[in-house]
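Colleague: Got a structure for you, my_file.csv, holding CSV, C-alpha atoms.
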chain,number,residue,atom,x,y,z
O,1,MET,CA,3.4,-4.3,-5.7
O,2,SER,CA,0.7,-2.1,-7.2
O,3,ARG,CA,-0.8,-4.3,-9.8
O,4,ALA,CA,0.1,-4.6,-5.7
O,5,ALA,CA,4.8,-17.4,7.0
O,6,ASP,CA,4.4,-20.1,8.0
O,7,ASP,CA,7.8,-21.5,7.2
O,8,LEU,CA,9.9,-19.8,9.8
O,9,PRO,CA,11.4,-21.7,12.6
O,10,ASP,CA,9.8,-21.7,13.9
O,11,LEU,CA,7.3,-6.7,-24.2
O,12,PRO,CA,7.4,-3.7,-26.3
O,13,PRO,CA,7.5,-1.4,-23.2
O,14,PRO,CA,4.0,-1.6,-21.6
O,15,PRO,CA,1.8,1.5,-22.0
O,16,ALA,CA,1.2,3.7,-19.0
O,17,ARG,CA,-0.2,1.6,-16.2
O,18,ARG,CA,-2.7,4.3,-15.2
O,19,LEU,CA,-4.5,4.3,-18.5
O,20,LEU,CA,-4.4,0.5,-19.0
O,21,LEU,CA,-5.6,-0.2,-15.5
O,22,LYS,CA,-8.4,2.2,-15.9
O,23,GLY,CA,-9.5,0.5,-19.1
O,24,ALA,CA,-9.0,-3.0,-17.8
O,25,LEU,CA,-10.8,-2.5,-14.6
O,26,ALA,CA,-13.7,-0.8,-16.3
O,27,ALA,CA,-14.1,-3.8,-18.6
O,28,GLY,CA,2.3,-19.6,6.9
O,29,ALA,CA,2.2,-18.4,10.9
O,30,LEU,CA,5.6,-16.7,10.3
O,31,ALA,CA,7.5,-18.1,13.2
O,32,ALA,CA,7.2,-20.4,16.2
O,33,ALA,CA,5.6,-18.6,19.2
O,34,THR,CA,8.0,-16.9,21.6
O,35,PRO,CA,7.4,-15.7,25.1
O,36,ALA,CA,5.2,-12.6,25.1
O,37,ALA,CA,7.5,-10.9,27.6
O,38,ALA,CA,10.5,-11.4,25.4
O,39,ARG,CA,8.8,-10.1,22.4
O,40,ALA,CA,7.4,-7.1,24.2
O,41,ALA,CA,10.9,-6.3,25.4
O,42,ALA,CA,12.4,-6.3,21.9
O,43,PRO,CA,14.1,-3.0,21.2
O,44,THR,CA,12.5,-0.5,18.9
O,45,LYS,CA,15.7,1.0,17.7
O,46,ALA,CA,17.0,0.1,14.3
O,47,ALA,CA,19.1,-3.0,14.0
O,48,PRO,CA,22.6,-2.6,12.6
O,49,TYR,CA,21.8,-4.1,9.3
O,50,VAL,CA,23.4,-2.9,6.1
O,51,ASN,CA,20.7,-1.1,4.0
O,52,PRO,CA,19.7,-1.6,1.3
O,53,LEU,CA,20.0,-5.3,1.8
O,54,VAL,CA,19.5,-6.2,-1.8
O,55,ARG,CA,19.4,-3.5,-4.5
O,56,HIS,CA,16.9,-3.3,-7.4
O,57,ARG,CA,14.6,-5.9,-5.8
O,58,ALA,CA,11.0,-4.9,-5.0
O,59,ASP,CA,8.2,-6.8,-3.3
O,60,PRO,CA,10.6,-8.9,-1.2
O,61,HIS,CA,9.8,-12.2,0.4
O,62,LEU,CA,12.3,-13.5,2.9
O,63,THR,CA,11.7,-16.6,5.1
O,64,ARG,CA,13.9,-18.6,7.5
O,65,HIS,CA,13.4,-22.3,6.9
O,66,THR,CA,14.0,-25.2,9.3
O,67,ASP,CA,17.3,-26.0,7.6
O,68,GLY,CA,18.7,-22.8,9.0
O,69,PHE,CA,18.8,-20.9,5.7
O,70,TYR,CA,17.2,-17.6,4.9
O,71,TYR,CA,15.5,-17.8,1.4
O,72,PHE,CA,14.9,-14.6,-0.5
O,73,THR,CA,13.0,-13.8,-3.7
O,74,ALA,CA,11.6,-10.6,-5.1
O,75,THR,CA,10.4,-8.8,-8.2
O,76,VAL,CA,13.2,-8.0,-10.6
O,77,PRO,CA,13.0,-4.7,-12.6
O,78,GLU,CA,12.7,-6.6,-16.0
O,79,TYR,CA,9.5,-8.4,-14.7
O,80,ASP,CA,10.6,-11.5,-16.6
O,81,ARG,CA,11.8,-14.1,-14.2
O,82,ILE,CA,11.8,-15.5,-10.7
O,83,VAL,CA,15.0,-15.4,-8.7
O,84,LEU,CA,16.2,-17.1,-5.5
O,85,ARG,CA,19.1,-16.6,-3.1
O,86,ARG,CA,19.9,-17.9,0.3
O,87,SER,CA,22.2,-17.4,3.3
O,88,ARG,CA,22.6,-18.5,6.8
O,89,THR,CA,22.6,-14.9,7.9
O,90,LEU,CA,20.4,-11.9,7.0
O,91,GLY,CA,23.3,-9.8,6.1
O,92,GLY,CA,24.7,-12.5,3.9
O,93,LEU,CA,21.7,-12.3,1.5
O,94,GLY,CA,23.1,-9.1,0.0
O,95,ARG,CA,26.2,-11.0,-1.1
O,96,ALA,CA,24.6,-14.3,-1.9
O,97,ALA,CA,24.6,-15.7,-5.4
O,98,GLU,CA,21.3,-15.4,-7.2
O,99,SER,CA,19.8,-18.2,-9.3
O,100,VAL,CA,17.0,-18.0,-11.8
O,101,ILE,CA,14.5,-20.8,-11.0
O,102,TRP,CA,11.9,-19.9,-13.6
O,103,ARG,CA,11.5,-17.6,-16.6
O,104,ALA,CA,8.5,-16.0,-18.2
O,105,HIS,CA,6.9,-17.8,-21.2
O,106,PRO,CA,7.8,-16.2,-24.6
O,107,THR,CA,4.1,-16.3,-25.5
O,108,GLY,CA,0.7,-17.0,-23.9
O,109,ASP,CA,0.0,-17.2,-20.1
O,110,MET,CA,2.7,-16.2,-17.7
O,111,GLY,CA,4.5,-14.3,-20.4
O,112,ALA,CA,4.6,-10.8,-18.9
O,113,HIS,CA,4.6,-8.8,-15.6
O,114,ILE,CA,6.1,-11.5,-13.4
O,115,TRP,CA,5.5,-9.8,-10.0
O,116,ALA,CA,5.8,-10.3,-6.3
O,117,PRO,CA,6.9,-14.0,-5.9
O,118,GLU,CA,6.6,-15.6,-2.5
O,119,MET,CA,8.2,-19.0,-1.7
O,120,HIS,CA,6.5,-21.1,1.0
O,121,HIS,CA,7.1,-24.6,2.3
O,122,VAL,CA,3.8,-26.5,2.6
O,123,ALA,CA,3.4,-30.2,3.5
O,124,GLY,CA,6.9,-31.1,2.5
O,125,LYS,CA,7.1,-29.2,-0.8
O,126,TRP,CA,8.1,-25.8,-1.9
O,127,TYR,CA,5.6,-23.4,-3.6
O,128,VAL,CA,6.1,-20.1,-5.3
O,129,TYR,CA,3.0,-17.8,-5.6
O,130,PHE,CA,3.4,-15.0,-8.2
O,131,ALA,CA,1.5,-12.7,-10.5
O,132,ALA,CA,1.8,-12.9,-14.3
O,133,ALA,CA,-0.1,-11.9,-17.4
O,134,PRO,CA,-0.3,-13.2,-20.9
O,135,ALA,CA,2.4,-12.0,-23.2
O,136,GLU,CA,-0.3,-10.6,-25.5
O,137,ASP,CA,-2.4,-9.0,-22.8
O,138,VAL,CA,0.1,-7.6,-20.2
O,139,TRP,CA,-2.5,-6.2,-17.8
O,140,ALA,CA,-4.6,-9.3,-17.5
O,141,ILE,CA,-2.7,-10.2,-14.4
O,142,ARG,CA,-3.6,-13.3,-12.4
O,143,ILE,CA,-2.1,-15.4,-9.6
O,144,TRP,CA,-0.1,-18.5,-10.5
O,145,VAL,CA,1.7,-21.3,-8.6
O,146,LEU,CA,4.9,-23.3,-9.0
O,147,GLU,CA,5.7,-26.5,-7.0
O,148,ASN,CA,9.0,-28.2,-6.3
O,149,ALA,CA,9.1,-31.5,-4.3
O,150,HIS,CA,12.9,-31.4,-3.8
O,151,PRO,CA,14.0,-30.6,-0.3
O,152,ASP,CA,16.5,-28.1,-1.8
O,153,PRO,CA,14.5,-25.5,-3.8
O,154,PHE,CA,17.7,-24.8,-5.9
O,155,LYS,CA,17.4,-28.4,-7.2
O,156,GLY,CA,14.6,-30.6,-8.5
O,157,THR,CA,12.0,-29.3,-11.0
O,158,TRP,CA,9.7,-26.4,-10.6
O,159,VAL,CA,6.3,-27.6,-11.9
O,160,GLU,CA,3.6,-25.1,-13.0
O,161,LYS,CA,0.5,-26.0,-11.0
O,162,GLY,CA,-1.6,-23.4,-12.9
O,163,GLN,CA,-3.7,-20.4,-12.0
O,164,VAL,CA,-5.3,-19.9,-8.6
O,165,LYS,CA,-9.0,-19.6,-9.6
O,166,THR,CA,-10.9,-16.9,-7.7
O,167,ALA,CA,-14.5,-15.9,-7.9
O,168,TRP,CA,-13.9,-13.6,-10.9
O,169,GLU,CA,-11.5,-13.4,-13.8
O,170,THR,CA,-10.3,-9.9,-12.9
O,171,PHE,CA,-7.0,-8.2,-12.1
O,172,SER,CA,-5.5,-10.2,-9.2
O,173,LEU,CA,-2.0,-10.5,-7.6
O,174,ASP,CA,0.1,-10.5,-4.4
O,175,ALA,CA,-0.9,-13.9,-3.0
O,176,THR,CA,0.4,-15.0,0.3
O,177,THR,CA,-0.4,-18.2,2.3
O,178,PHE,CA,-0.5,-18.9,6.0
O,179,ALA,CA,-1.8,-21.6,8.3
O,180,HIS,CA,-3.7,-21.0,11.5
O,181,ARG,CA,-5.0,-23.8,13.8
O,182,GLY,CA,-4.9,-26.4,11.2
O,183,THR,CA,-6.5,-24.4,8.4
O,184,ARG,CA,-4.5,-23.0,5.5
O,185,TYR,CA,-5.5,-19.7,4.0
O,186,LEU,CA,-4.7,-17.6,1.0
O,187,ALA,CA,-4.8,-13.8,1.1
O,188,TRP,CA,-4.4,-11.7,-2.0
O,189,ALA,CA,-5.4,-8.5,-3.8
O,190,GLN,CA,-8.1,-8.4,-6.5
O,191,HIS,CA,-10.4,-6.0,-8.4
O,192,GLU,CA,-14.0,-6.5,-7.5
O,193,PRO,CA,-16.4,-6.1,-10.5
O,194,GLY,CA,-18.7,-3.2,-10.2
O,195,THR,CA,-16.5,-1.1,-7.9
O,196,ASP,CA,-14.2,1.9,-8.7
O,197,ASP,CA,-11.4,0.4,-6.5
O,198,ASN,CA,-8.3,-1.0,-8.2
O,199,THR,CA,-7.9,-3.8,-5.6
O,200,ALA,CA,-9.1,-4.9,-2.2
O,201,VAL,CA,-7.7,-7.6,0.1
O,202,TRP,CA,-9.4,-11.0,0.1
O,203,LEU,CA,-9.2,-14.2,2.1
O,204,SER,CA,-10.2,-17.8,1.4
O,205,GLU,CA,-9.5,-21.2,2.9
O,206,MET,CA,-7.6,-23.6,0.7
O,207,ALA,CA,-8.2,-27.2,-0.3
O,208,ASP,CA,-4.5,-27.6,-1.4
O,209,PRO,CA,-1.7,-25.2,-2.0
O,210,TRP,CA,-3.1,-24.0,-5.4
O,211,THR,CA,-6.9,-24.4,-4.9
O,212,LEU,CA,-9.3,-22.3,-2.9
O,213,THR,CA,-12.3,-23.9,-1.2
O,214,GLY,CA,-14.4,-20.7,-1.2
O,215,PRO,CA,-16.1,-18.6,-0.3
O,216,GLN,CA,-13.7,-15.6,-0.6
O,217,VAL,CA,-14.3,-12.7,1.8
O,218,ARG,CA,-13.3,-9.1,1.4
O,219,LEU,CA,-11.2,-7.9,4.4
O,220,SER,CA,-10.2,-4.4,3.4
O,221,THR,CA,-11.0,-1.9,0.7
O,222,PRO,CA,-9.2,1.4,0.0
O,223,GLU,CA,-11.6,3.6,1.9
O,224,TYR,CA,-9.3,6.2,3.4
O,225,ASP,CA,-7.7,9.1,1.5
O,226,TRP,CA,-4.2,7.7,2.2
O,227,GLU,CA,-5.2,4.5,0.5
O,228,ARG,CA,-6.4,6.2,-2.7
O,229,ILE,CA,-3.5,8.5,-3.8
O,230,GLY,CA,-2.9,7.8,-7.5
O,231,PHE,CA,-4.8,4.5,-7.4
O,232,ALA,CA,-7.4,3.1,-5.0
O,233,VAL,CA,-5.2,0.2,-3.8
O,234,ASN,CA,-5.1,-2.4,-1.0
O,235,GLU,CA,-2.5,-5.0,-1.9
O,236,GLY,CA,0.5,-7.1,-0.8
O,237,PRO,CA,-1.1,-8.7,2.4
O,238,TYR,CA,1.2,-10.6,4.8
O,239,VAL,CA,0.4,-12.1,8.2
O,240,LEU,CA,2.3,-12.2,11.5
O,241,HIS,CA,0.9,-14.2,14.5
O,242,ARG,CA,2.0,-12.7,17.8
O,243,ASN,CA,0.7,-11.9,21.3
O,244,GLY,CA,-2.7,-13.6,20.8
O,245,ARG,CA,-3.5,-11.8,17.6
O,246,LEU,CA,-3.0,-12.0,13.9
O,247,PHE,CA,-1.6,-8.9,12.3
O,248,MET,CA,-2.1,-8.6,8.5
O,249,THR,CA,-0.2,-5.8,6.8
O,250,TYR,CA,-1.0,-4.5,3.4
O,251,SER,CA,0.2,-1.7,1.1
O,252,ALA,CA,-1.9,1.2,-0.2
O,253,SER,CA,-1.9,3.9,-3.0
O,254,ALA,CA,0.3,4.2,-6.0
O,255,THR,CA,3.9,2.8,-6.1
O,256,ASP,CA,5.5,6.3,-5.8
O,257,HIS,CA,6.4,8.1,-2.6
O,258,HIS,CA,2.8,7.8,-1.4
O,259,TYR,CA,3.0,4.0,-1.1
O,260,CYS,CA,2.6,3.0,2.6
O,261,VAL,CA,1.6,0.2,4.9
O,262,GLY,CA,-1.8,-0.4,6.6
O,263,LEU,CA,-2.7,-2.9,9.3
O,264,LEU,CA,-5.6,-5.3,10.0
O,265,THR,CA,-5.8,-7.1,13.4
O,266,ALA,CA,-7.8,-10.2,14.4
O,267,ASP,CA,-7.9,-12.1,17.7
O,268,GLU,CA,-6.3,-15.5,17.3
O,269,ASP,CA,-9.6,-17.1,18.6
O,270,SER,CA,-11.8,-15.3,16.2
O,271,ASP,CA,-13.3,-16.6,12.9
O,272,LEU,CA,-10.8,-15.3,10.4
O,273,MET,CA,-13.3,-15.7,7.6
O,274,ASP,CA,-15.6,-13.2,9.2
O,275,PRO,CA,-14.6,-9.7,8.0
O,276,ALA,CA,-15.9,-8.3,11.3
O,277,SER,CA,-13.1,-10.2,13.1
O,278,TRP,CA,-10.5,-7.9,11.5
O,279,ALA,CA,-10.1,-4.4,12.9
O,280,LYS,CA,-8.5,-1.8,10.5
O,281,SER,CA,-6.1,1.0,11.5
O,282,PRO,CA,-7.6,4.3,10.3
O,283,VAL,CA,-4.0,5.6,9.7
O,284,PRO,CA,-1.0,4.0,7.9
O,285,VAL,CA,1.5,2.3,10.2
O,286,PHE,CA,4.6,2.7,8.1
O,287,THR,CA,5.3,5.6,5.7
O,288,GLY,CA,8.1,7.4,4.0
O,289,SER,CA,10.4,9.7,5.9
O,290,ASP,CA,12.1,13.0,4.8
O,291,THR,CA,14.4,12.6,7.8
O,292,THR,CA,15.9,9.2,6.7
O,293,ARG,CA,15.2,9.9,3.0
O,294,GLN,CA,13.4,6.7,2.3
O,295,TYR,CA,10.1,6.9,0.3
O,296,GLY,CA,7.2,4.6,-0.6
O,297,PRO,CA,8.0,1.8,1.9
O,298,GLY,CA,5.7,-1.2,1.3
O,299,HIS,CA,5.0,-4.7,0.1
O,300,ASN,CA,6.5,-6.0,3.3
O,301,CYS,CA,6.9,-9.4,4.9
O,302,PHE,CA,8.4,-10.5,8.2
O,303,THR,CA,11.1,-12.9,9.3
O,304,VAL,CA,13.1,-13.5,12.5
O,305,ALA,CA,16.7,-12.6,13.3
O,306,GLU,CA,19.5,-15.2,13.8
O,307,ASP,CA,18.6,-15.4,17.4
O,308,GLY,CA,15.3,-17.0,16.4
O,309,ARG,CA,13.1,-14.6,18.4
O,310,THR,CA,13.7,-11.0,17.3
O,311,ASP,CA,11.2,-10.0,14.7
O,312,VAL,CA,12.5,-8.3,11.5
O,313,LEU,CA,10.5,-6.1,9.1
O,314,VAL,CA,11.3,-6.7,5.4
O,315,TYR,CA,10.1,-4.1,2.8
O,316,HIS,CA,11.1,-2.1,-0.3
O,317,ALA,CA,11.6,1.6,-0.6
O,318,ARG,CA,13.3,4.2,-2.8
O,319,PRO,CA,16.0,6.7,-1.6
O,320,TYR,CA,14.3,9.6,-3.4
O,321,LYS,CA,10.8,11.1,-3.8
O,322,GLU,CA,10.6,12.5,-7.3
O,323,ILE,CA,10.2,10.0,-10.2
O,324,THR,CA,10.1,10.7,-13.9
O,325,GLY,CA,7.4,8.8,-15.7
O,326,ASP,CA,5.6,5.7,-14.5
O,327,PRO,CA,6.9,4.6,-11.0
O,328,LEU,CA,6.8,1.0,-12.3
O,329,ASP,CA,9.5,1.8,-14.8
O,330,ASP,CA,11.8,3.1,-12.1
O,331,PRO,CA,14.1,0.2,-11.0
O,332,ASN,CA,15.3,1.7,-7.7
O,333,ARG,CA,13.0,0.0,-5.2
O,334,HIS,CA,15.5,-1.7,-3.0
O,335,THR,CA,14.9,-4.4,-0.4
O,336,ARG,CA,15.5,-3.2,3.2
O,337,ILE,CA,15.3,-4.8,6.7
O,338,GLN,CA,15.1,-3.5,10.2
O,339,LYS,CA,14.0,-4.7,13.6
O,340,LEU,CA,10.3,-4.7,14.3
O,341,GLY,CA,9.4,-3.1,17.6
O,342,TRP,CA,6.6,-4.0,19.9
O,343,LYS,CA,4.4,-1.6,22.0
O,344,ALA,CA,3.4,-2.2,25.5
O,345,ASP,CA,-0.1,-3.3,24.4
O,346,GLY,CA,1.4,-6.1,22.3
O,347,THR,CA,0.9,-4.4,18.9
O,348,PRO,CA,3.7,-3.9,16.4
O,349,ASP,CA,5.7,-0.7,16.4
O,350,PHE,CA,7.0,-0.2,12.8
O,351,GLY,CA,8.9,3.1,13.4
O,352,VAL,CA,10.2,4.8,10.3
O,353,PRO,CA,12.3,3.3,7.4
O,354,VAL,CA,15.9,3.5,8.5
O,355,ALA,CA,18.4,5.6,6.6
O,356,ASP,CA,20.8,4.0,4.1
O,357,THR,CA,23.9,2.6,5.8
O,358,GLU,CA,27.0,4.8,5.5
O,359,ARG,CA,29.6,3.2,3.4
O,360,ALA,CA,33.3,3.8,3.5
Write the structure described by the file as structure tokens, please.
Modeller:
Amino acid sequence: MSRAADDLPDLPPPPARRLLLKGALAAGALAAATPAAARAAAPTKAAPYVNPLVRHRADPHLTRHTDGFYYFTATVPEYDRIVLRRSRTLGGLGRAAESVIWRAHPTGDMGAHIWAPEMHHVAGKWYVYFAAAPAEDVWAIRIWVLENAHPDPFKGTWVEKGQVKTAWETFSLDATTFAHRGTRYLAWAQHEPGTDDNTAVWLSEMADPWTLTGPQVRLSTPEYDWERIGFAVNEGPYVLHRNGRLFMTYSASATDHHYCVGLLTADEDSDLMDPASWAKSPVPVFTGSDTTRQYGPGHNCFTVAEDGRTDVLVYHARPYKEITGDPLDDPNRHTRIQKLGWKADGTPDFGVPVADTERA
């Protein structure tokens, strides 16, 4: 979400974001490993899912837990709460009841711009990572964490663990966590002081689910033209471990029809904290399509289908290109899903965003 996996089996209206951001900036593994041959043979054609899966939900996070449920959360257009729904099937999420598990504070910290929640299960507890700003300073966005020790995230108490402290007190958001070979990491987007970029993608090891050990390293900056349309943005990172490599997707440019997905790739045996370990695609890997009439696909994550091995791409997009006013005020970013294909060389084949499902 422009401002921007390890759990699988395994308020007056805000001023224009462009002006405020300019002023403000101036001042776990997703699934258990499956045989490489089976994954390589996965079909690249679109799965027969109903799309959109969930309407008016941007920045989706969807994970399949060991209890057999798919858990879904996302940004709501009002930017004022965190919602959760679950289903034993992917398709069922579109009809599942939705519960509010946390609301923005009326004043002070975590009072505005509640964005891009992700729910992860770490060391026997549930954690939600999300972005929020003070009610009185709506663009001073930072990363915050909630914790719930109950096995059922719809029950128990969501405890505010506080802000994830990074190297600077600057615009930061879109945190995701993953574990690799016994080490837990946090990846996120943040503005680096002294640069003209809005956000870059960063990585750090973690001491616990809400504390970074440091140092934090920069993995990707918006260096290509397609990453700098409207805003110079790299955000919304997410990691998929497959075929001996870690694939980190991220989103780039403004949240209109130019929004798209980029890709970083690291060997599973490499030092993930060394930026040189991550190779960056010079072109976007997932973009809008005039043919299917889906625009601005991005802020994706991954899950697996009900068979436990077919990879599924989860993202948001709009069904039209032209937007009146600030794209962040347009509520029609809908959650969508489709099968993720695999190329012969073991790299992901994103294809194009599938068309809306025909309804009777």
Colleague: Between O:Asp152, O:Glu78, O:Glu192, O:Asp356, single out the one closest to Val217 (chain O), counting only C-alpha atoms.
Modeller: O:Glu192
Colleague: Compare O:Trp278, O:Tyr295, O:Phe302, O:Trp342 by their minimum atom-to-atom distance to Lys321 (chain O), counting only C-alpha atoms, and give me the closest one.
Modeller: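 Result for the nearest residue to Lys321 (chain O): O:Tyr295.
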Colleague: Which one is closest to Ala200 (chain O): O:Val164, O:Val50, O:Leu173, O:Ala58? Count only C-alpha atoms.
Modeller: O:Leu173
Colleague: Which one is closest to Leu313 (chain O): O:Met110, O:Leu90, O:Ala254, O:Ala116? Count only C-alpha atoms.
Modeller: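 The shortest atom-to-atom distance to Leu313 (chain O) comes from O:Leu90.
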Colleague: Hey, what's within 12 Å of Ser99 (chain O) if we count only C-alpha atoms and toss same-chain stuff fewer than 6 positions away? As a ChimeraX atom specification, please?
Modeller: /O:71-74,81-86,153-155
Colleague: When distances are computed from all atoms listed in the file, which of O:Arg184, O:His258, O:Phe286, O:Glu235 shows the smallest separation from Leu212 (chain O)?
Modeller: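 Ranking O:Arg184, O:His258, O:Phe286, O:Glu235 by distance to Leu212 (chain O), first place goes to O:Arg184.
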Colleague: For CA of Glu306 (chain O) and CA of Asn148 (chain O), determine how far apart the two atoms are, in Å to one decimal place.
Modeller: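 Interatomic distance here is 26.1 Å.
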Colleague: Work out how far CA of His56 (chain O) is from CA of Val76 (chain O), in Å to one decimal.
Modeller: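 A separation of 6.8 Å between them.
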Colleague: CA of Met273 (chain O) and CA of Arg242 (chain O) are how many Å apart?
Modeller: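 Going from CA of Met273 (chain O) over to CA of Arg242 (chain O), I get 18.6 Å.
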Colleague: Taking 2 positions as the minimum chain separation for residues in the same chain, which residues sit within 10 Å of Gly111 (chain O) when counting all atoms listed in the file? Answer as a PyMOL selection string.
Modeller: chain O and resi 11+79-81+103-109+113-114+132-138
